[in-house]
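One structure is given here, and the rest of the page talks about it.
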Amino acid sequence: MGGAMALTLGALAYPSMLGVSTVSSAPSRVIANTQWGPLTEADRDFVVKVRAAGLWEYPVGQIGLQKGTTKGVIEASKHLVDGHAALDITCRKIAPMLNITLPNVASPQQLGFVNTLKSESGKKFDSDFANILRMTHGSIFNTVASIRSTTKNSLVRALADQANDTVLDHITVMEKTGLVDFDQTLFQQTTPPKLPSSDLTPPAPPAGQPQVVLTPPPNATSTPVDINGLSGGGAGGASPAAPSPSPTVG
C-alpha cells in the first residue's frame, strides 16, 4: 500500500474505533440496576459505540454506492447501509430503556474517516474504503465478543449478538473486495497512535435536538433485535435505575 494510505491510517486509526473512551479505570463498575440486569460502564459505552459506528459508517456506505468502481465495493457499501440501519434501530430502542444518552454526531476521528473518503475517487477510494473499514471492524470485533461474554444485561447482550453478526459480515465483505492489505491493516489494528480522548468521543447532543435516524434501505435484509419478552440479565437486576444524570435522547 502506498505512503498516502499509511499516513491516512496512521493519523486516524485507533482500536477503540467505535468512538468512546472508557470513562473510568473500572469498566466493570455497575452504574445501574435495571429490570434487564445490572448495567456497567462498559455496557453503556458499548451501546454508545454501536450508535457512533453507524453515524459514520452508514454515510460512508452511501458514499461507496456513489463512488465505488468495483462490484465488491458496491456490495460492501450496501452491507454497511443495511447493517448499520438495523443496529441503529436497536440502539434507539434500548437506550431510553436504560437511560443512555445517544450521540447524534460521530467522533472527530470518525468524521476524519468520512472526510478522507469524501475527498477521494477511483481506485484510491476503493482501496482506502476497503482498508479503513476492514481495520475498524477488525478492531471492534474483540470488544463485541468481550461485552457478549461478560454483560449481565439482557438488552446489551441482545445488541452484542446483533453487532457480532453485523461486524463479521462487514469484515467478510471488505475482504471479498480483494483490496485489503492485511499486513498494513493488521499493523494499524495492533499498533495504534496515541490520540486525545476528545478525538475519540462523539459530542453529546444539545438539549432538545431531534434524534438522527438512520433509515433502512428499501431492500433491507438485516433486522433489529426483537426486545419483546427479554428477561432480566442476572442477579442484581430487580429494579430499574438511571445509569447517568444525562438526559435521555429520543
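Residue numbering restarts at 1 in every chain; chains get A, B, ... in the order shown in the C-alpha cells, and ligands count up from 1 in that same order.
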Within 8 Å of Thr70 in chain A using only C-alpha atoms, minus same-chain residues under 4 positions, as a short mmCIF file (atom, residue, chain, number, x, y, z; two decimals) with N, CA, C and O atoms, in the first residue's frame:
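Okay, result_7.cif is ready:
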```cif
data_model
loop_
_atom_site.label_atom_id
_atom_site.label_comp_id
_atom_site.auth_asym_id
_atom_site.auth_seq_id
_atom_site.Cartn_x
_atom_site.Cartn_y
_atom_site.Cartn_z
N ILE A 74 -19.18 -1.88 -4.20
CA ILE A 74 -20.61 -1.56 -4.21
C ILE A 74 -21.37 -2.50 -3.27
O ILE A 74 -22.23 -2.06 -2.49
N ASP A 126 -11.56 3.20 -3.64
CA ASP A 126 -11.86 1.79 -3.42
C ASP A 126 -10.90 1.17 -2.41
O ASP A 126 -11.31 0.46 -1.49
N THR A 177 -13.63 -7.78 -1.35
CA THR A 177 -13.29 -6.81 -2.39
C THR A 177 -11.96 -7.14 -3.05
O THR A 177 -11.68 -6.67 -4.16
#
```
Cut-off 9 Å: closest range 111-178 of chain A/range 46-58 of chain A atom pairs per residue, using only C-alpha atoms, as a Markdown table:
```
| residue | atom | partner | partner_atom | distance |
| --- | --- | --- | --- | --- |
| A:Leu111 | CA | A:Trp56 | CA | 6.6 |
| A:Phe113 | CA | A:Trp56 | CA | 8.0 |
| A:Val114 | CA | A:Trp56 | CA | 6.5 |
| A:Leu133 | CA | A:Glu57 | CA | 8.3 |
| A:Thr143 | CA | A:Phe46 | CA | 8.4 |
| A:Val144 | CA | A:Phe46 | CA | 8.1 |
| A:Ile147 | CA | A:Phe46 | CA | 7.7 |
| A:Val156 | CA | A:Val47 | CA | 7.2 |
| A:Leu159 | CA | A:Val47 | CA | 7.8 |
| A:Ala160 | CA | A:Phe46 | CA | 8.5 |
| A:Ala163 | CA | A:Val50 | CA | 7.7 |
```
Problem set entry | Within 8 Å of range 202-217 of chain A using only C-alpha atoms, minus same-chain residues under 5 positions, as number ranges by chain | A: 19-20, 52, 54-55, 58, 81-82, 84-86, 88-89, 101-108, 249-250
Keeping only N, CA and C atoms, write those residues as an mmCIF file, in the first residue's frame.
```
data_model
loop_
_atom_site.group_PDB
_atom_site.id
_atom_site.type_symbol
_atom_site.label_atom_id
_atom_site.label_comp_id
_atom_site.auth_asym_id
_atom_site.auth_seq_id
_atom_site.Cartn_x
_atom_site.Cartn_y
_atom_site.Cartn_z
ATOM 1 N N GLY A 19 -15.608 4.839 18.911
ATOM 2 C CA GLY A 19 -15.812 6.217 19.308
ATOM 3 C C GLY A 19 -15.684 6.662 20.723
ATOM 4 N N VAL A 20 -15.851 5.837 21.738
ATOM 5 C CA VAL A 20 -15.922 6.387 23.093
ATOM 6 C C VAL A 20 -14.833 5.806 23.974
ATOM 7 N N ALA A 52 -22.482 5.294 17.535
ATOM 8 C CA ALA A 52 -21.493 6.152 16.875
ATOM 9 C C ALA A 52 -20.954 5.514 15.609
ATOM 10 N N GLY A 54 -22.547 3.658 13.497
ATOM 11 C CA GLY A 54 -23.495 3.888 12.420
ATOM 12 C C GLY A 54 -23.486 5.308 11.902
ATOM 13 N N LEU A 55 -23.181 6.250 12.775
ATOM 14 C CA LEU A 55 -23.209 7.658 12.379
ATOM 15 C C LEU A 55 -22.109 8.015 11.390
ATOM 16 N N TYR A 58 -22.612 4.380 8.103
ATOM 17 C CA TYR A 58 -23.802 4.468 7.242
ATOM 18 C C TYR A 58 -23.589 5.486 6.121
ATOM 19 N N VAL A 81 -24.798 0.112 4.794
ATOM 20 C CA VAL A 81 -26.051 0.846 4.974
ATOM 21 C C VAL A 81 -27.097 -0.047 5.641
ATOM 22 N N ASP A 82 -27.229 -1.264 5.150
ATOM 23 C CA ASP A 82 -28.235 -2.191 5.647
ATOM 24 C C ASP A 82 -27.977 -2.574 7.105
ATOM 25 N N HIS A 84 -25.999 -1.194 9.478
ATOM 26 C CA HIS A 84 -25.991 -0.147 10.498
ATOM 27 C C HIS A 84 -27.357 0.496 10.698
ATOM 28 N N ALA A 85 -28.203 0.471 9.693
ATOM 29 C CA ALA A 85 -29.570 0.946 9.899
ATOM 30 C C ALA A 85 -30.292 0.056 10.904
ATOM 31 N N ALA A 86 -30.096 -1.263 10.788
ATOM 32 C CA ALA A 86 -30.747 -2.193 11.717
ATOM 33 C C ALA A 86 -30.163 -2.068 13.125
ATOM 34 N N ASP A 88 -28.902 0.567 14.386
ATOM 35 C CA ASP A 88 -29.339 1.857 14.916
ATOM 36 C C ASP A 88 -30.742 1.769 15.496
ATOM 37 N N ILE A 89 -31.606 0.997 14.847
ATOM 38 C CA ILE A 89 -32.952 0.810 15.386
ATOM 39 C C ILE A 89 -32.876 0.178 16.775
ATOM 40 N N THR A 101 -27.865 8.219 26.994
ATOM 41 C CA THR A 101 -27.906 9.301 26.017
ATOM 42 C C THR A 101 -27.092 8.907 24.791
ATOM 43 N N LEU A 102 -27.693 8.972 23.624
ATOM 44 C CA LEU A 102 -27.014 8.621 22.377
ATOM 45 C C LEU A 102 -26.528 9.868 21.653
ATOM 46 N N PRO A 103 -25.383 9.781 21.010
ATOM 47 C CA PRO A 103 -24.899 10.930 20.220
ATOM 48 C C PRO A 103 -25.674 11.055 18.908
ATOM 49 N N ASN A 104 -25.638 12.238 18.339
ATOM 50 C CA ASN A 104 -26.203 12.487 17.016
ATOM 51 C C ASN A 104 -25.121 12.700 15.967
ATOM 52 N N VAL A 105 -23.875 12.816 16.433
ATOM 53 C CA VAL A 105 -22.739 13.064 15.545
ATOM 54 C C VAL A 105 -21.619 12.116 15.937
ATOM 55 N N ALA A 106 -20.911 11.605 14.954
ATOM 56 C CA ALA A 106 -19.774 10.727 15.217
ATOM 57 C C ALA A 106 -18.632 11.506 15.865
ATOM 58 N N SER A 107 -17.622 10.794 16.338
ATOM 59 C CA SER A 107 -16.462 11.447 16.951
ATOM 60 C C SER A 107 -15.641 12.184 15.898
ATOM 61 N N PRO A 108 -14.798 13.146 16.308
ATOM 62 C CA PRO A 108 -13.926 13.822 15.338
ATOM 63 C C PRO A 108 -13.063 12.842 14.544
ATOM 64 N N VAL A 249 -31.912 10.907 25.160
ATOM 65 C CA VAL A 249 -32.291 11.495 23.890
ATOM 66 C C VAL A 249 -33.308 10.605 23.223
ATOM 67 N N GLY A 250 -34.310 11.213 22.634
ATOM 68 C CA GLY A 250 -35.269 10.454 21.835
ATOM 69 C C GLY A 250 -36.486 10.043 22.636
#
```
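Nearest residue to Ala220 in chain A, choosing from A:Val73, A:Ser119, A:His79, A:Gln35 and counting only C-alpha atoms: A:His79.
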For this session: Find the residue from A:Asp128, A:Leu117, A:Val167, A:Pro218 that sits nearest to Asn142 in chain A; use only C-alpha atoms when measuring.
Result: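 Closest to Asn142 in chain A, using only C-alpha atoms: A:Val167.
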For this session: In Å, rounded to a single decimal, give me how far CA of Leu179 in chain A is from CA of Phe125 in chain A.
Result: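 These atoms are spaced 10.8 Å apart.
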Exercise. Using only C-alpha atoms, which residue out of A:Gly122, A:Gly178, A:Pro38, A:Pro224 lies closest to Gly68 in chain A?
Worked result: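 Smallest separation from Gly68 in chain A among the options: A:Gly122.
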Determine which residues of range 1-166 of chain A DSSP labels as alpha helix (DSSP H) from the backbone of this structure, then write them out as a short mmCIF file (atom, residue, chain, number, x, y, z; two decimals) with N, CA and C atoms, in the first residue's frame.
```cif
data_model
loop_
_atom_site.label_atom_id
_atom_site.label_comp_id
_atom_site.auth_asym_id
_atom_site.auth_seq_id
_atom_site.Cartn_x
_atom_site.Cartn_y
_atom_site.Cartn_z
N GLY A 3 2.31 5.23 0.40
CA GLY A 3 2.58 6.06 1.57
C GLY A 3 1.40 6.90 2.00
N ALA A 4 0.60 7.35 1.04
CA ALA A 4 -0.55 8.19 1.39
C ALA A 4 -1.54 7.44 2.25
N MET A 5 -1.77 6.17 1.91
CA MET A 5 -2.69 5.37 2.70
C MET A 5 -2.15 5.15 4.10
N ALA A 6 -0.85 4.90 4.19
CA ALA A 6 -0.24 4.69 5.50
C ALA A 6 -0.39 5.93 6.36
N LEU A 7 -0.22 7.11 5.76
CA LEU A 7 -0.38 8.35 6.50
C LEU A 7 -1.82 8.54 6.96
N THR A 8 -2.76 8.22 6.08
CA THR A 8 -4.16 8.34 6.44
C THR A 8 -4.49 7.47 7.64
N LEU A 9 -4.08 6.20 7.59
CA LEU A 9 -4.38 5.30 8.68
C LEU A 9 -3.61 5.66 9.93
N GLY A 10 -2.37 6.09 9.75
CA GLY A 10 -1.58 6.46 10.91
C GLY A 10 -2.16 7.64 11.65
N ALA A 11 -2.77 8.54 10.92
CA ALA A 11 -3.36 9.73 11.55
C ALA A 11 -4.69 9.43 12.21
N LEU A 12 -5.41 8.42 11.71
CA LEU A 12 -6.78 8.24 12.15
C LEU A 12 -7.04 6.96 12.91
N GLU A 41 -20.38 0.36 33.24
CA GLU A 41 -19.85 1.41 32.39
C GLU A 41 -19.52 0.86 31.00
N ALA A 42 -18.94 -0.34 30.96
CA ALA A 42 -18.60 -0.94 29.67
C ALA A 42 -19.84 -1.20 28.83
N ASP A 43 -20.92 -1.64 29.48
CA ASP A 43 -22.19 -1.86 28.77
C ASP A 43 -22.69 -0.56 28.14
N ARG A 44 -22.72 0.49 28.98
CA ARG A 44 -23.22 1.77 28.47
C ARG A 44 -22.35 2.28 27.33
N ASP A 45 -21.03 2.21 27.49
CA ASP A 45 -20.14 2.70 26.45
C ASP A 45 -20.32 1.91 25.15
N PHE A 46 -20.61 0.60 25.29
CA PHE A 46 -20.81 -0.23 24.11
C PHE A 46 -22.03 0.23 23.31
N VAL A 47 -23.13 0.52 23.99
CA VAL A 47 -24.33 0.99 23.28
C VAL A 47 -24.02 2.28 22.53
N VAL A 48 -23.29 3.19 23.17
CA VAL A 48 -22.93 4.45 22.53
C VAL A 48 -21.99 4.20 21.35
N LYS A 49 -21.06 3.26 21.50
CA LYS A 49 -20.12 2.97 20.43
C LYS A 49 -20.83 2.41 19.19
N VAL A 50 -21.79 1.54 19.41
CA VAL A 50 -22.53 0.98 18.28
C VAL A 50 -23.29 2.08 17.55
N ARG A 51 -23.91 2.96 18.31
CA ARG A 51 -24.61 4.11 17.70
C ARG A 51 -23.63 4.98 16.92
N ALA A 52 -22.48 5.29 17.54
CA ALA A 52 -21.49 6.15 16.87
C ALA A 52 -20.95 5.51 15.61
N ALA A 53 -20.81 4.20 15.61
CA ALA A 53 -20.33 3.50 14.42
C ALA A 53 -21.25 3.76 13.24
N GLY A 54 -22.55 3.66 13.50
CA GLY A 54 -23.50 3.89 12.42
C GLY A 54 -23.49 5.31 11.90
N LEU A 55 -23.18 6.25 12.78
CA LEU A 55 -23.21 7.66 12.38
C LEU A 55 -22.11 8.01 11.39
N TRP A 56 -21.07 7.16 11.26
CA TRP A 56 -20.09 7.43 10.22
C TRP A 56 -20.06 6.34 9.14
N GLU A 57 -20.32 5.09 9.53
CA GLU A 57 -20.24 4.02 8.53
C GLU A 57 -21.45 3.99 7.61
N TYR A 58 -22.61 4.38 8.10
CA TYR A 58 -23.80 4.47 7.24
C TYR A 58 -23.59 5.49 6.12
N PRO A 59 -23.16 6.74 6.42
CA PRO A 59 -22.89 7.67 5.32
C PRO A 59 -21.73 7.24 4.43
N VAL A 60 -20.73 6.56 4.99
CA VAL A 60 -19.65 6.04 4.14
C VAL A 60 -20.19 4.99 3.18
N GLY A 61 -21.14 4.18 3.64
CA GLY A 61 -21.78 3.23 2.75
C GLY A 61 -22.51 3.94 1.61
N GLN A 62 -23.18 5.03 1.93
CA GLN A 62 -23.87 5.80 0.89
C GLN A 62 -22.87 6.40 -0.10
N ILE A 63 -21.74 6.87 0.41
CA ILE A 63 -20.68 7.40 -0.46
C ILE A 63 -20.15 6.29 -1.37
N GLY A 64 -19.95 5.11 -0.79
CA GLY A 64 -19.44 3.99 -1.57
C GLY A 64 -20.38 3.58 -2.70
N LEU A 65 -21.68 3.70 -2.47
CA LEU A 65 -22.64 3.37 -3.53
C LEU A 65 -22.52 4.33 -4.71
N GLN A 66 -22.07 5.56 -4.42
CA GLN A 66 -21.91 6.56 -5.48
C GLN A 66 -20.53 6.51 -6.13
N LYS A 67 -19.50 6.25 -5.32
CA LYS A 67 -18.13 6.36 -5.81
C LYS A 67 -17.44 5.03 -6.11
N LYS A 71 -17.56 -4.12 -8.26
CA LYS A 71 -18.73 -4.79 -7.71
C LYS A 71 -18.56 -5.08 -6.23
N GLY A 72 -17.34 -5.43 -5.82
CA GLY A 72 -17.08 -5.74 -4.43
C GLY A 72 -17.29 -4.55 -3.52
N VAL A 73 -16.83 -3.37 -3.94
CA VAL A 73 -17.01 -2.17 -3.14
C VAL A 73 -18.48 -1.76 -3.08
N ILE A 74 -19.18 -1.88 -4.20
CA ILE A 74 -20.61 -1.56 -4.21
C ILE A 74 -21.37 -2.50 -3.27
N GLU A 75 -21.05 -3.78 -3.33
CA GLU A 75 -21.73 -4.75 -2.46
C GLU A 75 -21.42 -4.47 -0.99
N ALA A 76 -20.17 -4.18 -0.69
CA ALA A 76 -19.80 -3.86 0.70
C ALA A 76 -20.53 -2.61 1.19
N SER A 77 -20.69 -1.64 0.31
CA SER A 77 -21.41 -0.41 0.67
C SER A 77 -22.86 -0.70 1.02
N LYS A 78 -23.49 -1.59 0.27
CA LYS A 78 -24.87 -1.98 0.57
C LYS A 78 -24.96 -2.61 1.95
N HIS A 79 -23.98 -3.45 2.29
CA HIS A 79 -23.98 -4.11 3.60
C HIS A 79 -23.81 -3.09 4.73
N LEU A 80 -22.99 -2.07 4.52
CA LEU A 80 -22.81 -1.05 5.55
C LEU A 80 -24.12 -0.33 5.84
N VAL A 81 -24.80 0.11 4.79
CA VAL A 81 -26.05 0.85 4.97
C VAL A 81 -27.10 -0.05 5.64
N ASP A 82 -27.23 -1.26 5.15
CA ASP A 82 -28.24 -2.19 5.65
C ASP A 82 -27.98 -2.57 7.11
N GLY A 83 -26.74 -2.98 7.40
CA GLY A 83 -26.42 -3.45 8.73
C GLY A 83 -26.50 -2.38 9.79
N HIS A 84 -26.00 -1.19 9.48
CA HIS A 84 -25.99 -0.15 10.50
C HIS A 84 -27.36 0.50 10.70
N ALA A 85 -28.20 0.47 9.69
CA ALA A 85 -29.57 0.95 9.90
C ALA A 85 -30.29 0.06 10.90
N ALA A 86 -30.10 -1.26 10.79
CA ALA A 86 -30.75 -2.19 11.72
C ALA A 86 -30.16 -2.07 13.13
N LEU A 87 -28.84 -1.95 13.24
CA LEU A 87 -28.23 -1.75 14.56
C LEU A 87 -28.72 -0.46 15.20
N ASP A 88 -28.90 0.57 14.39
CA ASP A 88 -29.34 1.86 14.92
C ASP A 88 -30.74 1.77 15.50
N ILE A 89 -31.61 1.00 14.85
CA ILE A 89 -32.95 0.81 15.39
C ILE A 89 -32.88 0.18 16.77
N THR A 90 -32.04 -0.84 16.92
CA THR A 90 -31.89 -1.49 18.21
C THR A 90 -31.34 -0.54 19.26
N CYS A 91 -30.32 0.22 18.90
CA CYS A 91 -29.75 1.20 19.84
C CYS A 91 -30.80 2.20 20.30
N ARG A 92 -31.56 2.72 19.35
CA ARG A 92 -32.57 3.72 19.71
C ARG A 92 -33.72 3.14 20.50
N LYS A 93 -33.95 1.83 20.39
CA LYS A 93 -34.97 1.18 21.22
C LYS A 93 -34.49 1.01 22.65
N ILE A 94 -33.27 0.50 22.81
CA ILE A 94 -32.85 0.13 24.17
C ILE A 94 -32.27 1.29 24.96
N ALA A 95 -31.77 2.32 24.28
CA ALA A 95 -31.15 3.43 25.01
C ALA A 95 -32.11 4.10 25.99
N PRO A 96 -33.34 4.45 25.59
CA PRO A 96 -34.26 5.06 26.57
C PRO A 96 -34.61 4.09 27.71
N MET A 97 -34.66 2.82 27.42
CA MET A 97 -34.99 1.84 28.45
C MET A 97 -33.90 1.78 29.52
N LEU A 98 -32.65 2.05 29.11
CA LEU A 98 -31.52 2.03 30.03
C LEU A 98 -31.06 3.42 30.44
N PRO A 108 -14.80 13.15 16.31
CA PRO A 108 -13.93 13.82 15.34
C PRO A 108 -13.06 12.84 14.54
N GLN A 109 -12.57 11.81 15.19
CA GLN A 109 -11.78 10.81 14.49
C GLN A 109 -12.59 10.13 13.40
N GLN A 110 -13.81 9.75 13.74
CA GLN A 110 -14.67 9.08 12.78
C GLN A 110 -15.06 10.00 11.62
N LEU A 111 -15.31 11.26 11.93
CA LEU A 111 -15.61 12.22 10.87
C LEU A 111 -14.40 12.40 9.95
N GLY A 112 -13.20 12.20 10.52
CA GLY A 112 -11.99 12.24 9.69
C GLY A 112 -11.99 11.15 8.64
N PHE A 113 -12.46 9.96 9.01
CA PHE A 113 -12.58 8.88 8.03
C PHE A 113 -13.54 9.28 6.91
N VAL A 114 -14.68 9.83 7.31
CA VAL A 114 -15.69 10.23 6.32
C VAL A 114 -15.12 11.27 5.37
N ASN A 115 -14.47 12.29 5.92
CA ASN A 115 -13.93 13.37 5.09
C ASN A 115 -12.83 12.87 4.16
N THR A 116 -12.01 11.94 4.66
CA THR A 116 -10.97 11.36 3.80
C THR A 116 -11.59 10.68 2.58
N LEU A 117 -12.60 9.87 2.82
CA LEU A 117 -13.22 9.13 1.72
C LEU A 117 -14.05 10.03 0.81
N LYS A 118 -14.62 11.07 1.36
CA LYS A 118 -15.35 12.03 0.53
C LYS A 118 -14.43 12.71 -0.48
N GLY A 122 -12.09 6.98 -7.59
CA GLY A 122 -11.41 5.96 -8.37
C GLY A 122 -10.82 4.86 -7.53
N LYS A 123 -9.68 4.33 -7.98
CA LYS A 123 -9.04 3.20 -7.31
C LYS A 123 -8.58 3.55 -5.91
N LYS A 124 -8.15 4.78 -5.70
CA LYS A 124 -7.71 5.18 -4.35
C LYS A 124 -8.89 5.12 -3.38
N PHE A 125 -10.05 5.60 -3.82
CA PHE A 125 -11.23 5.50 -2.96
C PHE A 125 -11.51 4.05 -2.63
N ASP A 126 -11.56 3.20 -3.64
CA ASP A 126 -11.86 1.79 -3.42
C ASP A 126 -10.90 1.17 -2.41
N SER A 127 -9.61 1.42 -2.57
CA SER A 127 -8.61 0.83 -1.70
C SER A 127 -8.72 1.35 -0.28
N ASP A 128 -8.82 2.67 -0.12
CA ASP A 128 -8.92 3.23 1.23
C ASP A 128 -10.22 2.82 1.91
N PHE A 129 -11.30 2.78 1.16
CA PHE A 129 -12.59 2.33 1.67
C PHE A 129 -12.45 0.94 2.28
N ALA A 130 -11.93 -0.01 1.51
CA ALA A 130 -11.83 -1.39 1.97
C ALA A 130 -10.89 -1.53 3.16
N ASN A 131 -9.77 -0.84 3.13
CA ASN A 131 -8.77 -1.00 4.19
C ASN A 131 -9.16 -0.29 5.47
N ILE A 132 -9.69 0.91 5.38
CA ILE A 132 -10.13 1.61 6.60
C ILE A 132 -11.24 0.82 7.28
N LEU A 133 -12.20 0.36 6.50
CA LEU A 133 -13.34 -0.32 7.11
C LEU A 133 -12.98 -1.73 7.59
N ARG A 134 -12.07 -2.39 6.91
CA ARG A 134 -11.61 -3.69 7.43
C ARG A 134 -10.87 -3.50 8.74
N MET A 135 -10.08 -2.45 8.83
CA MET A 135 -9.34 -2.17 10.06
C MET A 135 -10.29 -1.83 11.21
N THR A 136 -11.25 -0.96 10.97
CA THR A 136 -12.14 -0.54 12.05
C THR A 136 -12.99 -1.70 12.56
N HIS A 137 -13.50 -2.50 11.64
CA HIS A 137 -14.31 -3.63 12.07
C HIS A 137 -13.47 -4.71 12.75
N GLY A 138 -12.26 -4.91 12.26
CA GLY A 138 -11.38 -5.85 12.93
C GLY A 138 -11.04 -5.41 14.34
N SER A 139 -10.90 -4.11 14.51
CA SER A 139 -10.55 -3.57 15.83
C SER A 139 -11.66 -3.76 16.85
N ILE A 140 -12.91 -3.62 16.40
CA ILE A 140 -14.01 -3.69 17.36
C ILE A 140 -14.50 -5.10 17.61
N PHE A 141 -14.08 -6.06 16.79
CA PHE A 141 -14.60 -7.41 16.87
C PHE A 141 -14.37 -8.03 18.25
N ASN A 142 -13.16 -7.84 18.80
CA ASN A 142 -12.87 -8.39 20.12
C ASN A 142 -13.67 -7.70 21.21
N THR A 143 -13.95 -6.40 21.02
CA THR A 143 -14.76 -5.68 22.01
C THR A 143 -16.17 -6.24 22.06
N VAL A 144 -16.74 -6.52 20.89
CA VAL A 144 -18.08 -7.11 20.84
C VAL A 144 -18.09 -8.45 21.59
N ALA A 145 -17.08 -9.27 21.33
CA ALA A 145 -17.01 -10.58 21.99
C ALA A 145 -16.88 -10.43 23.50
N SER A 146 -16.09 -9.47 23.93
CA SER A 146 -15.89 -9.26 25.37
C SER A 146 -17.19 -8.84 26.05
N ILE A 147 -17.92 -7.92 25.44
CA ILE A 147 -19.19 -7.49 26.01
C ILE A 147 -20.17 -8.66 26.04
N ARG A 148 -20.24 -9.39 24.94
CA ARG A 148 -21.19 -10.51 24.87
C ARG A 148 -20.90 -11.55 25.94
N SER A 149 -19.63 -11.78 26.24
CA SER A 149 -19.27 -12.84 27.19
C SER A 149 -19.34 -12.39 28.65
N THR A 150 -19.44 -11.09 28.90
CA THR A 150 -19.39 -10.61 30.28
C THR A 150 -20.63 -9.88 30.76
N SER A 154 -29.57 -8.15 29.71
CA SER A 154 -30.11 -8.88 28.56
C SER A 154 -30.30 -7.98 27.34
N LEU A 155 -30.57 -6.69 27.53
CA LEU A 155 -30.69 -5.79 26.38
C LEU A 155 -29.33 -5.58 25.71
N VAL A 156 -28.31 -5.38 26.50
CA VAL A 156 -26.96 -5.21 25.96
C VAL A 156 -26.49 -6.50 25.30
N ARG A 157 -26.83 -7.62 25.90
CA ARG A 157 -26.46 -8.92 25.33
C ARG A 157 -27.10 -9.12 23.95
N ALA A 158 -28.36 -8.74 23.83
CA ALA A 158 -29.05 -8.86 22.54
C ALA A 158 -28.41 -7.96 21.49
N LEU A 159 -28.04 -6.73 21.88
CA LEU A 159 -27.36 -5.83 20.95
C LEU A 159 -26.01 -6.41 20.54
N ALA A 160 -25.29 -7.00 21.49
CA ALA A 160 -23.99 -7.60 21.17
C ALA A 160 -24.13 -8.76 20.20
N ASP A 161 -25.19 -9.56 20.35
CA ASP A 161 -25.44 -10.64 19.39
C ASP A 161 -25.60 -10.07 17.97
N GLN A 162 -26.42 -9.04 17.86
CA GLN A 162 -26.65 -8.43 16.55
C GLN A 162 -25.38 -7.79 16.01
N ALA A 163 -24.65 -7.09 16.88
CA ALA A 163 -23.41 -6.43 16.45
C ALA A 163 -22.37 -7.46 16.01
N ASN A 164 -22.30 -8.59 16.69
CA ASN A 164 -21.35 -9.63 16.31
C ASN A 164 -21.62 -10.11 14.88
N ASP A 165 -22.87 -10.38 14.58
CA ASP A 165 -23.22 -10.84 13.24
C ASP A 165 -22.92 -9.77 12.20
N THR A 166 -23.22 -8.52 12.53
CA THR A 166 -23.04 -7.42 11.58
C THR A 166 -21.56 -7.15 11.33
#
```
For this session: Taking the DSSP assignment computed from this structure's backbone, write out as a list in words all residues of range 33-249 of chain A that belong to strand (DSSP E or B).
Result: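 Here are the strand (DSSP E or B) residues of range 33-249 of chain A: Asn33, Thr34, Gly37, Pro38, Leu39 and Thr40 of chain A.
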Would you mind exporting N, CA and C atoms of the selected residues as a PDB file, in the first residue's frame?
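Output saved as out06.pdb:
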```pdb
ATOM      1  N   ASN A  33     -28.844  -0.710  38.399  1.00  0.00           N
ATOM      2  CA  ASN A  33     -29.512  -1.998  38.441  1.00  0.00           C
ATOM      3  C   ASN A  33     -30.859  -1.839  37.757  1.00  0.00           C
ATOM      4  N   THR A  34     -31.040  -2.527  36.649  1.00  0.00           N
ATOM      5  CA  THR A  34     -32.255  -2.386  35.860  1.00  0.00           C
ATOM      6  C   THR A  34     -33.018  -3.704  35.844  1.00  0.00           C
ATOM      7  N   GLY A  37     -31.168  -6.475  34.156  1.00  0.00           N
ATOM      8  CA  GLY A  37     -29.887  -6.868  34.700  1.00  0.00           C
ATOM      9  C   GLY A  37     -29.008  -5.662  34.970  1.00  0.00           C
ATOM     10  N   PRO A  38     -27.917  -5.861  35.715  1.00  0.00           N
ATOM     11  CA  PRO A  38     -27.013  -4.751  36.024  1.00  0.00           C
ATOM     12  C   PRO A  38     -26.440  -4.137  34.753  1.00  0.00           C
ATOM     13  N   LEU A  39     -26.247  -2.831  34.779  1.00  0.00           N
ATOM     14  CA  LEU A  39     -25.636  -2.116  33.660  1.00  0.00           C
ATOM     15  C   LEU A  39     -24.298  -1.560  34.122  1.00  0.00           C
ATOM     16  N   THR A  40     -23.219  -1.937  33.426  1.00  0.00           N
ATOM     17  CA  THR A  40     -21.889  -1.451  33.782  1.00  0.00           C
ATOM     18  C   THR A  40     -21.489  -0.283  32.882  1.00  0.00           C
TER      19      THR A  40
END
```
For this session: Calculate how many Å separate CA of Thr191 in chain A from CA of Thr172 in chain A, rounding to one decimal.
Result: 22.2 Å
Exercise. To one decimal place, how far is CA of Trp36 in chain A from CA of Ile100 in chain A in Å?
Worked result: 14.0 Å
